[in-house]
>>> print(open('upload.cif').read())   # mmCIF, C-alpha atoms
data_input
loop_
_atom_site.label_atom_id
_atom_site.label_comp_id
_atom_site.auth_asym_id
_atom_site.auth_seq_id
_atom_site.Cartn_x
_atom_site.Cartn_y
_atom_site.Cartn_z
CA MET A 14 -11.99 1.73 27.38
CA LYS A 15 -8.23 2.34 27.21
CA LYS A 16 -7.43 -1.30 28.02
CA ILE A 17 -9.78 -2.52 25.27
CA ILE A 18 -8.23 -0.12 22.76
CA LEU A 19 -4.68 -1.19 23.57
CA THR A 20 -5.47 -4.90 23.70
CA TYR A 21 -7.53 -5.18 20.53
CA GLY A 22 -5.36 -2.68 18.66
CA ALA A 23 -2.19 -4.58 19.53
CA VAL A 24 -3.73 -7.92 18.56
CA SER A 25 -4.88 -6.51 15.21
CA GLY A 26 -1.52 -4.88 14.50
CA ILE A 27 0.47 -8.00 15.40
CA VAL A 28 -1.74 -10.24 13.26
CA ILE A 29 -1.46 -7.88 10.29
CA ILE A 30 2.29 -7.31 10.37
CA GLY A 31 2.98 -10.94 11.25
CA SER A 32 0.92 -12.14 8.30
CA CYS A 33 2.54 -9.65 5.93
CA ILE A 34 6.07 -10.60 6.97
CA ILE A 35 5.35 -14.34 6.85
CA SER A 36 3.69 -14.11 3.44
CA ALA A 37 6.58 -12.03 2.06
CA TYR A 38 9.10 -14.64 3.14
CA LEU A 39 6.99 -17.58 1.98
CA ALA A 40 6.29 -15.96 -1.37
CA GLY A 41 9.95 -15.20 -1.89
CA ARG A 42 9.17 -11.65 -2.95
CA ALA A 43 6.00 -12.33 -4.90
CA GLU A 44 6.18 -11.90 -8.64
CA GLU A 45 2.64 -10.52 -8.80
CA PRO A 46 2.34 -7.53 -6.43
CA ARG A 47 -1.41 -7.16 -6.99
CA PHE A 48 -2.02 -10.56 -5.41
CA SER A 49 0.19 -9.58 -2.49
CA GLN A 50 -1.73 -6.32 -2.07
CA LEU A 51 -5.08 -8.08 -2.26
CA GLY A 52 -3.93 -10.67 0.27
CA GLY A 53 -2.56 -7.95 2.53
CA TYR A 54 -5.82 -6.02 2.54
CA LEU A 55 -7.77 -9.22 3.15
CA VAL A 56 -5.60 -9.91 6.22
CA MET A 57 -6.20 -6.32 7.37
CA VAL A 58 -9.97 -6.73 7.11
CA VAL A 59 -9.89 -10.02 9.02
CA ALA A 60 -7.55 -8.70 11.73
CA LEU A 61 -9.43 -5.42 12.07
CA SER A 62 -12.64 -7.33 12.61
CA CYS A 63 -11.42 -7.14 16.21
CA ILE A 64 -12.96 -3.66 16.11
CA PHE A 65 -16.44 -5.12 15.76
CA VAL A 66 -15.77 -7.66 18.52
CA ALA A 67 -14.35 -4.98 20.84
CA ILE A 68 -17.25 -2.58 20.32
CA LYS A 69 -19.79 -5.35 20.93
CA ARG A 70 -17.95 -6.52 24.02
CA TYR A 71 -17.71 -2.99 25.41
CA ARG A 72 -21.39 -2.35 24.62
CA ASP A 73 -22.53 -5.57 26.27
CA ARG A 74 -20.22 -5.80 29.29
CA GLU A 75 -19.52 -2.20 30.19
CA LEU A 76 -22.56 -0.31 28.95
CA GLY A 77 -25.41 -2.71 29.62
CA GLY A 78 -26.08 -3.56 25.97
CA VAL A 79 -26.42 -0.01 24.61
CA ILE A 80 -23.77 2.11 22.89
CA LYS A 81 -23.94 5.45 21.12
CA PHE A 82 -22.51 5.84 17.63
CA GLY A 83 -19.94 8.39 18.84
CA THR A 84 -18.68 6.20 21.66
CA ALA A 85 -18.43 3.19 19.36
CA THR A 86 -16.62 5.29 16.76
CA LEU A 87 -14.09 6.58 19.29
CA LEU A 88 -13.42 3.05 20.49
CA GLY A 89 -12.96 1.80 16.94
CA LEU A 90 -10.73 4.72 15.98
CA GLY A 91 -8.56 4.08 19.02
CA ILE A 92 -8.14 0.44 18.04
CA THR A 93 -7.44 1.47 14.45
CA ALA A 94 -4.78 3.97 15.56
CA VAL A 95 -3.01 1.42 17.78
CA ALA A 96 -3.14 -1.24 15.04
CA SER A 97 -1.87 1.27 12.47
CA VAL A 98 1.07 2.34 14.63
CA ALA A 99 1.89 -1.31 15.37
CA TYR A 100 1.79 -1.99 11.62
CA VAL A 101 4.12 0.93 10.85
CA VAL A 102 6.60 -0.09 13.57
CA GLY A 103 6.50 -3.73 12.48
CA TRP A 104 7.00 -2.78 8.83
CA GLU A 105 9.95 -0.56 9.71
CA VAL A 106 11.54 -3.41 11.68
CA ASN A 107 10.99 -5.74 8.73
CA LEU A 108 12.53 -3.21 6.34
CA SER A 109 15.61 -2.81 8.51
CA LEU A 110 16.04 -6.58 8.82
CA THR A 111 15.87 -6.96 5.03
CA ASP A 112 18.25 -4.06 4.30
CA TYR A 113 15.37 -1.98 2.92
CA ALA A 114 15.11 -4.26 -0.14
CA PHE A 115 11.34 -3.83 -0.50
CA ALA A 116 11.38 -0.80 -2.81
CA ASP A 117 13.92 -2.37 -5.17
CA ASP A 118 12.04 -5.68 -5.23
CA TYR A 119 8.70 -3.97 -5.73
CA ALA A 120 10.01 -1.75 -8.56
CA ARG A 121 11.69 -4.71 -10.23
CA SER A 122 8.47 -6.78 -10.11
CA ILE A 123 6.37 -3.91 -11.51
CA ILE A 124 8.78 -3.37 -14.40
CA ALA A 125 8.98 -7.11 -15.10
CA GLY A 126 5.17 -7.26 -15.16
CA LYS A 127 5.00 -4.37 -17.63
CA GLU A 128 7.62 -6.00 -19.85
CA ALA A 129 5.77 -9.33 -19.73
CA ALA A 130 2.60 -7.50 -20.79
CA GLY A 131 4.44 -6.24 -23.87
CA MET A 132 5.26 -2.70 -22.79
CA SER A 133 8.37 -1.30 -24.46
CA GLY A 134 9.97 1.87 -25.74
CA ALA A 135 9.02 5.24 -24.31
CA GLU A 136 6.19 3.78 -22.24
CA LEU A 137 8.55 1.36 -20.51
CA GLU A 138 11.13 4.09 -19.98
CA ALA A 139 8.46 6.26 -18.33
CA GLU A 140 7.50 3.35 -16.04
CA ILE A 141 11.16 2.78 -15.15
CA ALA A 142 11.53 6.49 -14.34
CA ALA A 143 8.39 6.37 -12.18
CA MET A 144 9.75 3.37 -10.29
CA GLU A 145 13.10 5.12 -9.76
CA LYS A 146 11.21 8.11 -8.34
CA PHE A 147 9.23 5.77 -6.08
CA LYS A 148 12.44 4.17 -4.78
CA ARG A 149 13.91 7.59 -3.94
CA GLN A 150 10.72 8.67 -2.17
CA TYR A 151 10.36 5.40 -0.28
CA ALA A 152 13.91 5.70 1.03
CA ASN A 153 12.80 8.84 2.91
CA PRO A 154 11.04 8.01 6.22
CA VAL A 155 9.08 11.29 6.03
CA PHE A 156 7.40 9.84 2.92
CA ARG A 157 7.40 6.15 3.88
CA LEU A 158 5.93 6.32 7.41
CA PRO A 159 2.71 8.21 6.51
CA VAL A 160 2.26 6.09 3.39
CA THR A 161 2.54 2.93 5.48
CA PHE A 162 0.11 4.33 8.07
CA LEU A 163 -2.36 5.21 5.32
CA GLU A 164 -2.26 1.66 3.98
CA ILE A 165 -4.14 0.41 7.02
CA PHE A 166 -5.93 3.36 8.65
CA PRO A 167 -8.71 3.79 6.03
CA VAL A 168 -9.53 0.08 6.30
CA GLY A 169 -9.90 0.41 10.07
CA LEU A 170 -11.93 3.60 9.67
CA LEU A 171 -14.38 1.88 7.34
CA ILE A 172 -14.74 -1.11 9.68
CA THR A 173 -15.18 1.28 12.61
CA LEU A 174 -17.98 3.23 10.92
CA ILE A 175 -19.81 0.07 9.84
CA SER A 176 -19.41 -1.52 13.29
CA ALA A 177 -20.55 1.63 15.11
CA ALA A 178 -23.58 1.98 12.84
CA VAL A 179 -24.59 -1.66 13.25
CA LEU A 180 -23.90 -2.06 16.97
CA ARG A 181 -25.63 1.15 18.09
CA ASN A 182 -28.82 -0.84 17.57
CA SER A 183 -29.07 -2.93 20.75
CA LYS A 184 -31.36 -5.42 19.01
CA ILE A 185 -28.54 -6.53 16.72
CA LEU A 186 -26.59 -9.29 18.42
CA PRO A 187 -28.01 -8.54 21.87
CA ALA A 188 -26.08 -9.51 24.97
CA ARG A 189 -26.90 -12.94 26.30
CA GLY A 190 -28.24 -13.14 29.82
#
>>> encode(input="upload.cif", output="structure tokens")
Amino acid sequence: MKKIILTYGAVSGIVIIGSCIISAYLAGRAEEPRFSQLGGYLVMVVALSCIFVAIKRYRDRELGGVIKFGTATLLGLGITAVASVAYVVGWEVNLSLTDYAFADDYARSIIAGKEAAGMSGAELEAEIAAMEKFKRQYANPVFRLPVTFLEIFPVGLLITLISAAVLRNSKILPARG
């Protein structure tokens, strides 16, 4: 089970961080962060679909076509943990290669979006203050690392629980002879 966890977790993590880094460079620091976030989570869901594939493969090849919910959940959580750590490490490498420009770029795009929407005065000043606070927090790895981990882990957890629930039924996608 350890080999499956490491293999599928690494593949998921590499696909996710690779896609995020490539899209950031191609987008030239996207003007609309919501689209970037939506795209990022879509990539996570697609890459973490490896969890479903891994659980099914383990069920069919190693366990004779039957898997318990707990076993499937542990397998999925292992893959999720490996993918999440790979994502955090990859993101940290990307940040260091870009001189930690993400927080400034992100804050600037949020403020520009608020201004374009017509926000001004005290409301805009409050948003600017919130973004300055975010930049200070994000500069601290004790804040940044868990936040980055928590961007991906809940997605993997959800996919794990769904996959474990579905695949515990041996009649769903049974192994082929």
>>> residues_around(input="upload.cif", residues="A:Thr161", least_positions_apart="2", cutoff="9 Å", atoms="only C-alpha atoms", output="compact mmCIF listing (two decimals) with C-alpha atoms, in the frame of the given file")
# COMPACT_ATOMS: atom_id res chain seq x y z
CA SER A 97 -1.87 1.27 12.47
CA TYR A 100 1.79 -1.99 11.62
CA VAL A 101 4.12 0.93 10.85
CA TRP A 104 7.00 -2.78 8.83
CA PHE A 156 7.40 9.84 2.92
CA ARG A 157 7.40 6.15 3.88
CA LEU A 158 5.93 6.32 7.41
CA PRO A 159 2.71 8.21 6.51
CA LEU A 163 -2.36 5.21 5.32
CA GLU A 164 -2.26 1.66 3.98
CA ILE A 165 -4.14 0.41 7.02
>>> closest_residue(input="upload.cif", among="A:Ala130, A:Ala178, A:Ile68, A:Val168", to="A:Ile17", atoms="only C-alpha atoms")
A:Ile68
>>> atom_distance(input="upload.cif", atom1="atom CA of A:Tyr151", atom2="atom CA of A:Ala120")
10.9 Å
>>> closest_residue(input="upload.cif", among="A:Arg70, A:Leu186, A:Pro154, A:Leu19", to="A:Tyr113", atoms="all atoms listed in the file")
A:Pro154
>>> atom_distance(input="upload.cif", atom1="atom CA of A:Gly22", atom2="atom CA of A:Gly91")
7.5 Å
